[in-house]
Protein chains: 2
Amino acid sequence: MTVLVVGSVAFDTIETPAERRELVLGGAANYFSLTAAFFTPVQLVAVVGQDFPQQHLTVMQDKGICLDGLQKADGKTFHWSGRYGDNFNERDTLATDLNVFADFKPTLPEAYRQTPYVFLANIQPQLQLDVLDQMKDPQFVAADTMNLWIDTALDSLRKVASRVDALLLNEGEARQLSGEYNLLKAGRAVLSMGPKVVVVKLGEYGALIFSGTDLRFVPAFPLDQVTDPTGAGDTFGGGFVGHIAKHQDLSASTLHKAAAVGSVMGAFCCEDFGPERLLTVTEQEIEQRFQALCQLGAFDTKTLF
Amino acid sequence: MTVLVVGSVAFDTIETPAERRELVLGGAANYFSLTAAFFTPVQLVAVVGQDFPQQHLTVMQDKGICLDGLQKADGKTFHWSGRYGDNFNERDTLATDLNVFADFKPTLPEAYRQTPYVFLANIQPQLQLDVLDQMKDPQFVAADTMNLWIDTALDSLRKVASRVDALLLNEGEARQLSGEYNLLKAGRAVLSMGPKVVVVKLGEYGALIFSGTDLRFVPAFPLDQVTDPTGAGDTFGGGFVGHIAKHQDLSASTLHKAAAVGSVMGAFCCEDFGPERLLTVTEQEIEQRFQALCQLGAFDTKTLF
């Protein structure tokens, strides 16, 4: 089933301990789309400036991403600059030039309003609510967020939480939003805000998936070389929602496998700058890494005593 | 098969954000023994002072722990005091009174020297080597260590690494010992020092198990309430080595399941002060938690595309 994603498409300037790259294609909705498109058709609602390369739009279309909802505005594309510290432990934002993204109003094409699966990438919670107001009974809505909105738009974010089926957030955000340090308590507290599913992303360790009283864990796929982790969380989201939309099922076991797909895709993302690895990875490579993740985590369950 | 453990038995004074407890029974070999004894007979080599309670010795004997190698010296038992910060993120050592442990010479009873499984708990690496020199062709030796020995006794520790089958260490120690931040590289670098198996303990996230080219991961068993994490790593070791000794197998799948047992036991340890929970937990509770850990981590492996 088709997934509609609303969020940012951007240029990023990325400094890692090893290298600096300018004008890398970025933005949460970009990473999400390129990943989810492996599993299901994708519709993208975002805004770019006049400087956005036609070449990348062609790449997206070739991957089955519908761009009818992509607005092209006068001005420059959103540009983010950041620098990673040693070992990617820390990331400093050096510049955030919103440009055309500052006035982004996500107006959905009429044909998108009945799309059954929706991903609200990390944007202002009020814009996420505006998108929901335009949708007609979606089957499944997932949203991402960030610490900035917990600090500055908590009421709107709580409304988002109460209206979506799944909320994805990282460990620190889960703790901040819930006021609970313990991850089980934090996840359950976020669940109590409304979503049926809460995914707490643990970065290099994996993710916890809360759904009702069920709890699952998926490890991160271990890499011996990280080149650039930018977008890995959004890529996780693309694998997670893409798998759910492909299988149209919200059972705990499907959610769990979906998170494993997210983990696998997030690892590919980290292997090169920006979304470059996502443009070359094959279904066969995804399948191989998924099976390797299974083996990494699956121990025999025969009785102990 | 019987496991011989050599290490510390101590009194601990533990301050958590919630409570302060004095004279809690502690020491790595104590936690290890009480845990491994669920799975296999245990022989303990350690030293205590005249102040050590007979009552606890009786508890240990009742659990099948042989105390023929427990030395009772003139003086007081080793006493450690520590304070945990909020959320157990940090631990400050307030006092380390070695007492009778300062002159501990692990002399093995003749009957212990052919014990097939050995755990060298965290003590001075030279003492670990002294134990190995007394053993006659053990089938499997595992050792634990700590950052202090990486700083002060690196040569001896490298000798230990070259002579044991398995080395258990935490994330920070693996990074420090290997000089590699990336965990895959760190684990592989420690493997290259000699052990066939390296277990990198990730605290609340789980553990990575390296054996040859095989890599496995086991999540920590999530708890919604941690009372006192003291001894959880040694308890993990007790479950890990206890399971291996019970099954007498070093295949990757047995090592993996053994780490799952370690994870389950480590979680029980955190539920009360010192080893108190280990004294009440039943085989049925262990089995239930093991099955819950299986479900937490096992997703279906059917093909993705």
# chains A, B, ... in the order shown; residues from 1 in each chain; ligands from 1
>>> interface_residues(of="chain B", to="chain A", cutoff="7 Å", atoms="only C-alpha atoms", output="PyMOL selection string")
chain B and resi 87+181-182+184-185+205+215-218+222-224+253+256-257+287+291+294+296-301+303-304
>>> write_last_selection(atoms="C-alpha atoms", output="PDB file, in the first residue's frame")
ATOM      1  CA  ASN B  87      19.712   6.749  37.148  1.00  0.00           C
ATOM      2  CA  TYR B 181      36.430   2.986  19.487  1.00  0.00           C
ATOM      3  CA  ASN B 182      34.331   1.055  16.985  1.00  0.00           C
ATOM      4  CA  LEU B 184      33.431  -4.453  16.002  1.00  0.00           C
ATOM      5  CA  LYS B 185      37.027  -3.397  15.595  1.00  0.00           C
ATOM      6  CA  TYR B 205      21.845  -2.569  26.148  1.00  0.00           C
ATOM      7  CA  LEU B 215      29.294 -12.391  15.897  1.00  0.00           C
ATOM      8  CA  ARG B 216      26.178 -12.561  18.063  1.00  0.00           C
ATOM      9  CA  PHE B 217      24.207 -10.070  20.103  1.00  0.00           C
ATOM     10  CA  VAL B 218      22.003 -10.533  23.102  1.00  0.00           C
ATOM     11  CA  PRO B 222      14.698  -4.708  30.247  1.00  0.00           C
ATOM     12  CA  LEU B 223      13.736  -3.820  33.809  1.00  0.00           C
ATOM     13  CA  ASP B 224      11.399  -1.046  34.805  1.00  0.00           C
ATOM     14  CA  SER B 253      24.922 -21.049  19.187  1.00  0.00           C
ATOM     15  CA  HIS B 256      24.939 -17.143  22.266  1.00  0.00           C
ATOM     16  CA  LYS B 257      22.420 -18.902  24.475  1.00  0.00           C
ATOM     17  CA  GLU B 287      13.138 -20.084  32.567  1.00  0.00           C
ATOM     18  CA  GLN B 291      11.625 -17.276  27.244  1.00  0.00           C
ATOM     19  CA  CYS B 294      13.687 -14.910  23.395  1.00  0.00           C
ATOM     20  CA  LEU B 296      11.796  -9.822  22.955  1.00  0.00           C
ATOM     21  CA  GLY B 297      14.465 -10.453  20.356  1.00  0.00           C
ATOM     22  CA  ALA B 298      13.187 -13.036  17.888  1.00  0.00           C
ATOM     23  CA  PHE B 299      11.572 -11.788  14.700  1.00  0.00           C
ATOM     24  CA  ASP B 300      10.511 -13.988  11.832  1.00  0.00           C
ATOM     25  CA  THR B 301      13.182 -14.566   9.251  1.00  0.00           C
ATOM     26  CA  THR B 303      12.386 -13.429   3.091  1.00  0.00           C
ATOM     27  CA  LEU B 304      11.692  -9.702   2.754  1.00  0.00           C
TER      28      LEU B 304
END
>>> residues_around(residues="Val3 in chain A", least_positions_apart="4", cutoff="6 Å", atoms="only C-alpha atoms", output="ChimeraX atom specification")
/A:42,117-118
>>> closest_residue(among="A:Asn170, A:Thr96, A:Ser8, A:Ser251", to="Gly82 in chain A", atoms="only C-alpha atoms")
A:Thr96
>>> residues_around(residues="Val47 in chain A", least_positions_apart="2", cutoff="12 Å", atoms="only C-alpha atoms", output="PyMOL selection string")
chain A and resi 6-11+27+29-30+44-45+49-52+67-78+98-108
>>> residues_around(residues="Phe273 in chain A", least_positions_apart="2", cutoff="9 Å", atoms="only C-alpha atoms", output="PDB file with all heavy atoms, in the first residue's frame")
ATOM      1  N   ILE A  14      28.318  18.443   5.524  1.00  0.00           N
ATOM      2  CA  ILE A  14      28.617  17.480   6.596  1.00  0.00           C
ATOM      3  C   ILE A  14      30.119  17.376   6.806  1.00  0.00           C
ATOM      4  O   ILE A  14      30.862  17.104   5.858  1.00  0.00           O
ATOM      5  CB  ILE A  14      28.038  16.082   6.230  1.00  0.00           C
ATOM      6  CG1 ILE A  14      26.514  16.175   6.086  1.00  0.00           C
ATOM      7  CG2 ILE A  14      28.436  15.050   7.285  1.00  0.00           C
ATOM      8  CD1 ILE A  14      25.894  14.972   5.405  1.00  0.00           C
ATOM      9  N   ARG A  21      31.968  17.301   3.249  1.00  0.00           N
ATOM     10  CA  ARG A  21      31.246  17.246   1.979  1.00  0.00           C
ATOM     11  C   ARG A  21      30.228  18.371   1.954  1.00  0.00           C
ATOM     12  O   ARG A  21      29.484  18.566   2.912  1.00  0.00           O
ATOM     13  CB  ARG A  21      30.485  15.916   1.838  1.00  0.00           C
ATOM     14  CG  ARG A  21      31.351  14.708   1.622  1.00  0.00           C
ATOM     15  CD  ARG A  21      31.745  14.560   0.161  1.00  0.00           C
ATOM     16  NE  ARG A  21      32.463  13.292   0.002  1.00  0.00           N
ATOM     17  CZ  ARG A  21      31.904  12.178  -0.490  1.00  0.00           C
ATOM     18  NH1 ARG A  21      30.640  12.183  -0.864  1.00  0.00           N
ATOM     19  NH2 ARG A  21      32.621  11.078  -0.599  1.00  0.00           N
ATOM     20  N   VAL A  24      25.435  17.886   0.056  1.00  0.00           N
ATOM     21  CA  VAL A  24      24.949  16.504   0.036  1.00  0.00           C
ATOM     22  C   VAL A  24      23.417  16.554   0.086  1.00  0.00           C
ATOM     23  O   VAL A  24      22.844  17.363   0.811  1.00  0.00           O
ATOM     24  CB  VAL A  24      25.477  15.749   1.271  1.00  0.00           C
ATOM     25  CG1 VAL A  24      24.891  14.353   1.364  1.00  0.00           C
ATOM     26  CG2 VAL A  24      26.997  15.708   1.254  1.00  0.00           C
ATOM     27  N   THR A 227      30.683   5.968   8.027  1.00  0.00           N
ATOM     28  CA  THR A 227      31.185   7.103   7.250  1.00  0.00           C
ATOM     29  C   THR A 227      30.410   8.370   7.587  1.00  0.00           C
ATOM     30  O   THR A 227      31.008   9.437   7.772  1.00  0.00           O
ATOM     31  CB  THR A 227      31.097   6.792   5.740  1.00  0.00           C
ATOM     32  OG1 THR A 227      31.942   5.659   5.484  1.00  0.00           O
ATOM     33  CG2 THR A 227      31.552   7.973   4.897  1.00  0.00           C
ATOM     34  N   ASP A 228      29.080   8.253   7.674  1.00  0.00           N
ATOM     35  CA  ASP A 228      28.233   9.418   7.956  1.00  0.00           C
ATOM     36  C   ASP A 228      26.874   8.933   8.445  1.00  0.00           C
ATOM     37  O   ASP A 228      26.109   8.387   7.655  1.00  0.00           O
ATOM     38  CB  ASP A 228      28.084  10.262   6.683  1.00  0.00           C
ATOM     39  CG  ASP A 228      27.043  11.364   6.831  1.00  0.00           C
ATOM     40  OD1 ASP A 228      26.745  11.769   7.977  1.00  0.00           O
ATOM     41  OD2 ASP A 228      26.526  11.833   5.791  1.00  0.00           O
ATOM     42  N   PRO A 229      26.555   9.155   9.720  1.00  0.00           N
ATOM     43  CA  PRO A 229      25.271   8.666  10.233  1.00  0.00           C
ATOM     44  C   PRO A 229      24.086   9.594   9.953  1.00  0.00           C
ATOM     45  O   PRO A 229      22.967   9.275  10.344  1.00  0.00           O
ATOM     46  CB  PRO A 229      25.524   8.562  11.743  1.00  0.00           C
ATOM     47  CG  PRO A 229      26.584   9.563  12.035  1.00  0.00           C
ATOM     48  CD  PRO A 229      27.415   9.712  10.788  1.00  0.00           C
ATOM     49  N   THR A 230      24.328  10.696   9.248  1.00  0.00           N
ATOM     50  CA  THR A 230      23.213  11.612   8.960  1.00  0.00           C
ATOM     51  C   THR A 230      22.087  10.857   8.255  1.00  0.00           C
ATOM     52  O   THR A 230      22.337  10.141   7.290  1.00  0.00           O
ATOM     53  CB  THR A 230      23.688  12.770   8.047  1.00  0.00           C
ATOM     54  OG1 THR A 230      24.864  13.352   8.593  1.00  0.00           O
ATOM     55  CG2 THR A 230      22.596  13.819   7.900  1.00  0.00           C
ATOM     56  N   CYS A 269      22.647   3.220   5.362  1.00  0.00           N
ATOM     57  CA  CYS A 269      22.727   4.684   5.281  1.00  0.00           C
ATOM     58  C   CYS A 269      24.054   5.204   5.832  1.00  0.00           C
ATOM     59  O   CYS A 269      24.641   6.144   5.282  1.00  0.00           O
ATOM     60  CB  CYS A 269      21.548   5.288   6.033  1.00  0.00           C
ATOM     61  SG  CYS A 269      21.559   7.091   6.090  1.00  0.00           S
ATOM     62  N   CYS A 270      24.521   4.599   6.917  1.00  0.00           N
ATOM     63  CA  CYS A 270      25.745   5.084   7.589  1.00  0.00           C
ATOM     64  C   CYS A 270      27.019   4.787   6.810  1.00  0.00           C
ATOM     65  O   CYS A 270      28.087   5.289   7.148  1.00  0.00           O
ATOM     66  CB  CYS A 270      25.875   4.441   8.968  1.00  0.00           C
ATOM     67  SG  CYS A 270      24.592   4.937  10.118  1.00  0.00           S
ATOM     68  N   GLU A 271      26.902   3.959   5.771  1.00  0.00           N
ATOM     69  CA  GLU A 271      28.118   3.504   5.078  1.00  0.00           C
ATOM     70  C   GLU A 271      28.688   4.498   4.076  1.00  0.00           C
ATOM     71  O   GLU A 271      29.777   4.272   3.545  1.00  0.00           O
ATOM     72  CB  GLU A 271      27.844   2.178   4.363  1.00  0.00           C
ATOM     73  CG  GLU A 271      27.671   1.032   5.332  1.00  0.00           C
ATOM     74  CD  GLU A 271      27.550  -0.290   4.613  1.00  0.00           C
ATOM     75  OE1 GLU A 271      26.978  -0.334   3.508  1.00  0.00           O
ATOM     76  OE2 GLU A 271      28.013  -1.293   5.168  1.00  0.00           O
ATOM     77  N   PRO A 275      22.561  10.105   1.378  1.00  0.00           N
ATOM     78  CA  PRO A 275      21.814   8.894   1.011  1.00  0.00           C
ATOM     79  C   PRO A 275      22.516   8.101  -0.091  1.00  0.00           C
ATOM     80  O   PRO A 275      21.890   7.251  -0.726  1.00  0.00           O
ATOM     81  CB  PRO A 275      20.489   9.476   0.509  1.00  0.00           C
ATOM     82  CG  PRO A 275      20.857  10.809  -0.055  1.00  0.00           C
ATOM     83  CD  PRO A 275      22.080  11.306   0.675  1.00  0.00           C
ATOM     84  N   GLU A 276      23.802   8.327  -0.299  1.00  0.00           N
ATOM     85  CA  GLU A 276      24.475   7.726  -1.466  1.00  0.00           C
ATOM     86  C   GLU A 276      24.386   6.213  -1.481  1.00  0.00           C
ATOM     87  O   GLU A 276      24.139   5.604  -2.520  1.00  0.00           O
ATOM     88  CB  GLU A 276      25.943   8.182  -1.533  1.00  0.00           C
ATOM     89  CG  GLU A 276      26.040   9.628  -1.992  1.00  0.00           C
ATOM     90  CD  GLU A 276      27.464  10.172  -2.054  1.00  0.00           C
ATOM     91  OE1 GLU A 276      28.412   9.374  -2.245  1.00  0.00           O
ATOM     92  OE2 GLU A 276      27.626  11.390  -1.903  1.00  0.00           O
ATOM     93  N   ARG A 277      24.568   5.589  -0.306  1.00  0.00           N
ATOM     94  CA  ARG A 277      24.525   4.123  -0.278  1.00  0.00           C
ATOM     95  C   ARG A 277      23.127   3.604  -0.584  1.00  0.00           C
ATOM     96  O   ARG A 277      22.969   2.522  -1.162  1.00  0.00           O
ATOM     97  CB  ARG A 277      25.002   3.641   1.100  1.00  0.00           C
ATOM     98  CG  ARG A 277      25.129   2.149   1.220  1.00  0.00           C
ATOM     99  CD  ARG A 277      26.282   1.602   0.400  1.00  0.00           C
ATOM    100  NE  ARG A 277      26.404   0.149   0.537  1.00  0.00           N
ATOM    101  CZ  ARG A 277      25.864  -0.723  -0.299  1.00  0.00           C
ATOM    102  NH1 ARG A 277      25.180  -0.283  -1.344  1.00  0.00           N
ATOM    103  NH2 ARG A 277      25.998  -2.027  -0.126  1.00  0.00           N
TER     104      ARG A 277
END
>>> residues_around(residues="Gln134 in chain A", least_positions_apart="2", cutoff="8 Å", atoms="only C-alpha atoms", output="list in words")
Leu108, Arg113, Asp130, Val131, Leu132 and Lys136 of chain A
>>> atom_distance(atom1="CA of Gln124 in chain A", atom2="CA of Gly237 in chain A")
17.5 Å
>>> select_by_dssp(residues="range 116-195 of chain A", states="strand (DSSP E or B)", output="PyMOL selection string")
chain A and resi 117-120+140-144+166-170
>>> atom_distance(atom1="CA of Ala245 in chain B", atom2="CA of Thr40 in chain B")
6.8 Å
>>> select_by_dssp(residues="range 57-108 of chain B", states="alpha helix (DSSP H)", output="compact mmCIF listing (two decimals) with all heavy atoms, in the first residue's frame")
# COMPACT_ATOMS: atom_id res chain seq x y z
N LEU B 57 27.93 -18.69 54.38
CA LEU B 57 28.67 -19.87 53.90
C LEU B 57 27.73 -21.07 53.79
O LEU B 57 27.80 -21.86 52.84
CB LEU B 57 29.83 -20.18 54.85
CG LEU B 57 30.89 -19.06 54.97
CD1 LEU B 57 31.99 -19.49 55.93
CD2 LEU B 57 31.47 -18.72 53.60
N THR B 58 26.85 -21.18 54.76
CA THR B 58 25.88 -22.27 54.74
C THR B 58 24.96 -22.15 53.52
O THR B 58 24.66 -23.13 52.84
CB THR B 58 25.05 -22.25 56.05
OG1 THR B 58 25.97 -22.28 57.14
CG2 THR B 58 24.11 -23.43 56.12
N VAL B 59 24.54 -20.90 53.23
CA VAL B 59 23.70 -20.67 52.05
C VAL B 59 24.43 -21.14 50.79
O VAL B 59 23.86 -21.84 49.93
CB VAL B 59 23.34 -19.16 51.93
CG1 VAL B 59 22.76 -18.85 50.55
CG2 VAL B 59 22.37 -18.75 53.02
N MET B 60 25.70 -20.79 50.70
CA MET B 60 26.47 -21.17 49.51
C MET B 60 26.61 -22.68 49.40
O MET B 60 26.43 -23.26 48.32
CB MET B 60 27.86 -20.51 49.55
CG MET B 60 27.78 -18.99 49.49
SD MET B 60 29.42 -18.20 49.51
CE MET B 60 29.65 -17.89 47.76
N GLN B 61 26.90 -23.31 50.55
CA GLN B 61 27.04 -24.77 50.52
C GLN B 61 25.72 -25.44 50.13
O GLN B 61 25.70 -26.41 49.37
CB GLN B 61 27.52 -25.28 51.87
CG GLN B 61 29.02 -25.01 52.06
CD GLN B 61 29.50 -25.26 53.47
OE1 GLN B 61 28.81 -24.91 54.42
NE2 GLN B 61 30.69 -25.83 53.60
N ASP B 62 24.64 -24.88 50.63
CA ASP B 62 23.32 -25.43 50.29
C ASP B 62 23.03 -25.33 48.79
O ASP B 62 22.23 -26.09 48.24
CB ASP B 62 22.22 -24.70 51.06
CG ASP B 62 22.23 -25.06 52.54
OD1 ASP B 62 22.94 -26.02 52.90
OD2 ASP B 62 21.54 -24.38 53.32
>>> decode(residues="range 140-162 of chain B", atoms="N, CA, C and O atoms", output="PDB file, in the first residue's frame")
ATOM      1  N   PHE B 140      38.194 -25.257  29.511  1.00  0.00           N
ATOM      2  CA  PHE B 140      37.706 -23.923  29.135  1.00  0.00           C
ATOM      3  C   PHE B 140      37.986 -22.967  30.287  1.00  0.00           C
ATOM      4  O   PHE B 140      37.591 -23.218  31.418  1.00  0.00           O
ATOM      5  N   VAL B 141      38.687 -21.906  29.978  1.00  0.00           N
ATOM      6  CA  VAL B 141      38.983 -20.870  30.971  1.00  0.00           C
ATOM      7  C   VAL B 141      38.431 -19.540  30.476  1.00  0.00           C
ATOM      8  O   VAL B 141      38.714 -19.114  29.351  1.00  0.00           O
ATOM      9  N   ALA B 142      37.641 -18.887  31.333  1.00  0.00           N
ATOM     10  CA  ALA B 142      37.166 -17.537  31.019  1.00  0.00           C
ATOM     11  C   ALA B 142      37.709 -16.585  32.071  1.00  0.00           C
ATOM     12  O   ALA B 142      37.910 -16.970  33.233  1.00  0.00           O
ATOM     13  N   ALA B 143      37.978 -15.356  31.663  1.00  0.00           N
ATOM     14  CA  ALA B 143      38.485 -14.358  32.609  1.00  0.00           C
ATOM     15  C   ALA B 143      37.731 -13.045  32.439  1.00  0.00           C
ATOM     16  O   ALA B 143      37.286 -12.696  31.354  1.00  0.00           O
ATOM     17  N   ASP B 144      37.604 -12.343  33.549  1.00  0.00           N
ATOM     18  CA  ASP B 144      37.057 -10.987  33.556  1.00  0.00           C
ATOM     19  C   ASP B 144      38.209 -10.058  33.933  1.00  0.00           C
ATOM     20  O   ASP B 144      39.249 -10.502  34.434  1.00  0.00           O
ATOM     21  N   THR B 145      38.056  -8.787  33.701  1.00  0.00           N
ATOM     22  CA  THR B 145      39.098  -7.847  34.093  1.00  0.00           C
ATOM     23  C   THR B 145      38.478  -6.475  34.347  1.00  0.00           C
ATOM     24  O   THR B 145      37.264  -6.348  34.426  1.00  0.00           O
ATOM     25  N   MET B 146      39.309  -5.456  34.511  1.00  0.00           N
ATOM     26  CA  MET B 146      38.789  -4.113  34.745  1.00  0.00           C
ATOM     27  C   MET B 146      39.785  -3.066  34.234  1.00  0.00           C
ATOM     28  O   MET B 146      40.948  -3.380  33.966  1.00  0.00           O
ATOM     29  N   ASN B 147      39.328  -1.824  34.154  1.00  0.00           N
ATOM     30  CA  ASN B 147      40.159  -0.752  33.614  1.00  0.00           C
ATOM     31  C   ASN B 147      41.453  -0.553  34.409  1.00  0.00           C
ATOM     32  O   ASN B 147      42.494  -0.254  33.848  1.00  0.00           O
ATOM     33  N   LEU B 148      41.389  -0.783  35.731  1.00  0.00           N
ATOM     34  CA  LEU B 148      42.582  -0.603  36.560  1.00  0.00           C
ATOM     35  C   LEU B 148      43.760  -1.431  36.046  1.00  0.00           C
ATOM     36  O   LEU B 148      44.901  -0.966  36.002  1.00  0.00           O
ATOM     37  N   TRP B 149      43.483  -2.666  35.630  1.00  0.00           N
ATOM     38  CA  TRP B 149      44.572  -3.550  35.171  1.00  0.00           C
ATOM     39  C   TRP B 149      45.047  -3.171  33.782  1.00  0.00           C
ATOM     40  O   TRP B 149      46.208  -3.407  33.434  1.00  0.00           O
ATOM     41  N   ILE B 150      44.156  -2.583  32.986  1.00  0.00           N
ATOM     42  CA  ILE B 150      44.607  -2.094  31.672  1.00  0.00           C
ATOM     43  C   ILE B 150      45.587  -0.939  31.881  1.00  0.00           C
ATOM     44  O   ILE B 150      46.588  -0.802  31.187  1.00  0.00           O
ATOM     45  N   ASP B 151      45.316  -0.129  32.919  1.00  0.00           N
ATOM     46  CA  ASP B 151      46.190   1.002  33.225  1.00  0.00           C
ATOM     47  C   ASP B 151      47.504   0.576  33.885  1.00  0.00           C
ATOM     48  O   ASP B 151      48.548   1.164  33.626  1.00  0.00           O
ATOM     49  N   THR B 152      47.424  -0.428  34.773  1.00  0.00           N
ATOM     50  CA  THR B 152      48.582  -0.672  35.654  1.00  0.00           C
ATOM     51  C   THR B 152      49.268  -2.019  35.451  1.00  0.00           C
ATOM     52  O   THR B 152      50.347  -2.231  35.997  1.00  0.00           O
ATOM     53  N   ALA B 153      48.647  -2.940  34.731  1.00  0.00           N
ATOM     54  CA  ALA B 153      49.232  -4.289  34.618  1.00  0.00           C
ATOM     55  C   ALA B 153      48.970  -4.848  33.226  1.00  0.00           C
ATOM     56  O   ALA B 153      48.600  -6.009  33.055  1.00  0.00           O
ATOM     57  N   LEU B 154      49.222  -4.002  32.223  1.00  0.00           N
ATOM     58  CA  LEU B 154      48.850  -4.365  30.854  1.00  0.00           C
ATOM     59  C   LEU B 154      49.600  -5.598  30.358  1.00  0.00           C
ATOM     60  O   LEU B 154      49.007  -6.461  29.694  1.00  0.00           O
ATOM     61  N   ASP B 155      50.880  -5.700  30.684  1.00  0.00           N
ATOM     62  CA  ASP B 155      51.641  -6.857  30.202  1.00  0.00           C
ATOM     63  C   ASP B 155      51.072  -8.166  30.743  1.00  0.00           C
ATOM     64  O   ASP B 155      50.893  -9.132  29.998  1.00  0.00           O
ATOM     65  N   SER B 156      50.782  -8.169  32.055  1.00  0.00           N
ATOM     66  CA  SER B 156      50.203  -9.389  32.640  1.00  0.00           C
ATOM     67  C   SER B 156      48.826  -9.668  32.040  1.00  0.00           C
ATOM     68  O   SER B 156      48.477 -10.829  31.773  1.00  0.00           O
ATOM     69  N   LEU B 157      48.067  -8.610  31.848  1.00  0.00           N
ATOM     70  CA  LEU B 157      46.725  -8.811  31.300  1.00  0.00           C
ATOM     71  C   LEU B 157      46.799  -9.384  29.883  1.00  0.00           C
ATOM     72  O   LEU B 157      46.012 -10.269  29.510  1.00  0.00           O
ATOM     73  N   ARG B 158      47.765  -8.923  29.100  1.00  0.00           N
ATOM     74  CA  ARG B 158      47.932  -9.483  27.745  1.00  0.00           C
ATOM     75  C   ARG B 158      48.311 -10.964  27.816  1.00  0.00           C
ATOM     76  O   ARG B 158      47.878 -11.763  26.980  1.00  0.00           O
ATOM     77  N   LYS B 159      49.110 -11.312  28.840  1.00  0.00           N
ATOM     78  CA  LYS B 159      49.451 -12.744  29.003  1.00  0.00           C
ATOM     79  C   LYS B 159      48.191 -13.545  29.340  1.00  0.00           C
ATOM     80  O   LYS B 159      47.992 -14.647  28.839  1.00  0.00           O
ATOM     81  N   VAL B 160      47.362 -12.977  30.225  1.00  0.00           N
ATOM     82  CA  VAL B 160      46.090 -13.646  30.543  1.00  0.00           C
ATOM     83  C   VAL B 160      45.284 -13.839  29.264  1.00  0.00           C
ATOM     84  O   VAL B 160      44.804 -14.948  28.967  1.00  0.00           O
ATOM     85  N   ALA B 161      45.162 -12.765  28.481  1.00  0.00           N
ATOM     86  CA  ALA B 161      44.362 -12.841  27.241  1.00  0.00           C
ATOM     87  C   ALA B 161      44.884 -13.939  26.319  1.00  0.00           C
ATOM     88  O   ALA B 161      44.094 -14.632  25.656  1.00  0.00           O
ATOM     89  N   SER B 162      46.188 -14.112  26.310  1.00  0.00           N
ATOM     90  CA  SER B 162      46.769 -15.102  25.389  1.00  0.00           C
ATOM     91  C   SER B 162      46.582 -16.530  25.893  1.00  0.00           C
ATOM     92  O   SER B 162      46.798 -17.481  25.138  1.00  0.00           O
TER      93      SER B 162
END
